[in-house]
Amino acid sequence: MSEINKEIAEIKLMLEKIEEIIDSRLIGIEEPEEDEIAEIEEYKKKKKAGALELNEI
């Protein structure tokens, strides 16, 4: 039983680290990389031109 609790604690720690990474990207702590900027600009161009195609995942 203690092994399960240990694994749960490890998973929780990993999830918290992932959340920190996501939050840092979403609130702009880290600057976007060049390829990310290019994709954002491409998205904006397609959206403005009405040629944006969204696919369900």
# chains A, B, ... in the order shown; residues from 1 in each chain; ligands from 1

call {"tool": "select_by_dssp", "arguments": {"residues": "chain A", "states": "alpha helix (DSSP H)", "output": "ChimeraX atom specification"}}
result
/A:2-26,34-49

call {"tool": "write_last_selection", "arguments": {"atoms": "N, CA and C atoms", "output": "CSV table (one decimal), in the first residue's frame"}}
result
chain,number,residue,atom,x,y,z
A,2,SER,N,2.0,1.2,0.7
A,2,SER,CA,2.8,2.4,0.8
A,2,SER,C,3.5,2.7,-0.6
A,3,GLU,N,3.7,1.6,-1.3
A,3,GLU,CA,4.3,1.8,-2.7
A,3,GLU,C,3.3,2.5,-3.6
A,4,ILE,N,2.1,2.2,-3.5
A,4,ILE,CA,1.1,2.9,-4.3
A,4,ILE,C,1.0,4.4,-3.9
A,5,ASN,N,1.1,4.7,-2.6
A,5,ASN,CA,1.1,6.1,-2.1
A,5,ASN,C,2.3,6.8,-2.6
A,6,LYS,N,3.5,6.1,-2.7
A,6,LYS,CA,4.7,6.7,-3.2
A,6,LYS,C,4.6,7.0,-4.6
A,7,GLU,N,4.0,6.1,-5.4
A,7,GLU,CA,3.8,6.3,-6.8
A,7,GLU,C,2.8,7.5,-7.1
A,8,ILE,N,1.8,7.5,-6.3
A,8,ILE,CA,0.8,8.6,-6.5
A,8,ILE,C,1.5,10.0,-6.2
A,9,ALA,N,2.3,10.0,-5.2
A,9,ALA,CA,3.1,11.2,-4.8
A,9,ALA,C,4.0,11.6,-6.0
A,10,GLU,N,4.7,10.7,-6.6
A,10,GLU,CA,5.5,11.0,-7.7
A,10,GLU,C,4.7,11.5,-8.9
A,11,ILE,N,3.6,10.9,-9.2
A,11,ILE,CA,2.8,11.3,-10.3
A,11,ILE,C,2.3,12.8,-10.0
A,12,LYS,N,1.9,13.0,-8.8
A,12,LYS,CA,1.4,14.4,-8.4
A,12,LYS,C,2.5,15.4,-8.6
A,13,LEU,N,3.7,15.1,-8.3
A,13,LEU,CA,4.9,16.0,-8.4
A,13,LEU,C,5.1,16.2,-9.9
A,14,MET,N,5.0,15.2,-10.7
A,14,MET,CA,5.2,15.4,-12.2
A,14,MET,C,4.1,16.3,-12.8
A,15,LEU,N,2.9,16.0,-12.3
A,15,LEU,CA,1.8,16.9,-12.8
A,15,LEU,C,2.0,18.3,-12.4
A,16,GLU,N,2.4,18.6,-11.2
A,16,GLU,CA,2.7,19.9,-10.8
A,16,GLU,C,3.8,20.6,-11.6
A,17,LYS,N,4.8,19.9,-12.0
A,17,LYS,CA,5.9,20.4,-12.8
A,17,LYS,C,5.3,20.7,-14.2
A,18,ILE,N,4.5,19.8,-14.7
A,18,ILE,CA,3.9,20.1,-16.1
A,18,ILE,C,3.0,21.3,-16.0
A,19,GLU,N,2.2,21.5,-15.0
A,19,GLU,CA,1.4,22.6,-14.8
A,19,GLU,C,2.2,23.9,-14.8
A,20,GLU,N,3.3,23.9,-14.1
A,20,GLU,CA,4.2,25.1,-14.0
A,20,GLU,C,4.7,25.4,-15.4
A,21,ILE,N,5.1,24.4,-16.2
A,21,ILE,CA,5.6,24.7,-17.6
A,21,ILE,C,4.4,25.3,-18.4
A,22,ILE,N,3.3,24.7,-18.3
A,22,ILE,CA,2.1,25.2,-19.1
A,22,ILE,C,1.8,26.7,-18.7
A,23,ASP,N,1.7,26.9,-17.4
A,23,ASP,CA,1.4,28.2,-16.9
A,23,ASP,C,2.4,29.2,-17.3
A,24,SER,N,3.7,28.9,-17.3
A,24,SER,CA,4.7,29.8,-17.7
A,24,SER,C,4.6,30.2,-19.1
A,25,ARG,N,4.2,29.3,-20.0
A,25,ARG,CA,3.9,29.6,-21.4
A,25,ARG,C,2.7,30.4,-21.6
A,26,LEU,N,1.6,30.1,-20.9
A,26,LEU,CA,0.3,30.8,-21.1
A,26,LEU,C,0.4,32.2,-20.6
A,34,GLU,N,11.0,31.1,-32.2
A,34,GLU,CA,10.8,31.6,-33.5
A,34,GLU,C,9.7,30.8,-34.3
A,35,ASP,N,9.8,29.5,-34.2
A,35,ASP,CA,8.8,28.7,-34.9
A,35,ASP,C,7.4,28.9,-34.4
A,36,GLU,N,7.2,29.1,-33.1
A,36,GLU,CA,5.9,29.4,-32.5
A,36,GLU,C,5.4,30.7,-33.0
A,37,ILE,N,6.3,31.7,-33.1
A,37,ILE,CA,5.9,33.1,-33.6
A,37,ILE,C,5.4,33.0,-35.0
A,38,ALA,N,6.1,32.2,-35.8
A,38,ALA,CA,5.8,32.0,-37.2
A,38,ALA,C,4.4,31.4,-37.4
A,39,GLU,N,4.1,30.4,-36.5
A,39,GLU,CA,2.8,29.7,-36.6
A,39,GLU,C,1.7,30.6,-36.1
A,40,ILE,N,1.9,31.4,-35.2
A,40,ILE,CA,0.9,32.4,-34.7
A,40,ILE,C,0.6,33.4,-35.8
A,41,GLU,N,1.6,33.9,-36.5
A,41,GLU,CA,1.4,34.8,-37.6
A,41,GLU,C,0.6,34.2,-38.7
A,42,GLU,N,1.0,32.9,-39.0
A,42,GLU,CA,0.3,32.2,-40.1
A,42,GLU,C,-1.2,32.0,-39.7
A,43,TYR,N,-1.4,31.7,-38.5
A,43,TYR,CA,-2.8,31.5,-38.0
A,43,TYR,C,-3.6,32.8,-38.1
A,44,LYS,N,-3.0,34.0,-37.8
A,44,LYS,CA,-3.6,35.3,-37.8
A,44,LYS,C,-4.0,35.6,-39.3
A,45,LYS,N,-3.0,35.3,-40.2
A,45,LYS,CA,-3.2,35.6,-41.6
A,45,LYS,C,-4.4,34.8,-42.2
A,46,LYS,N,-4.4,33.5,-41.9
A,46,LYS,CA,-5.5,32.6,-42.4
A,46,LYS,C,-6.8,33.0,-41.8
A,47,LYS,N,-6.9,33.4,-40.5
A,47,LYS,CA,-8.1,33.8,-39.8
A,47,LYS,C,-8.6,35.1,-40.5
A,48,LYS,N,-7.8,36.0,-40.7
A,48,LYS,CA,-8.2,37.3,-41.4
A,48,LYS,C,-8.7,37.1,-42.8
A,49,ALA,N,-8.1,36.2,-43.5
A,49,ALA,CA,-8.5,35.9,-44.9
A,49,ALA,C,-9.7,35.0,-45.0
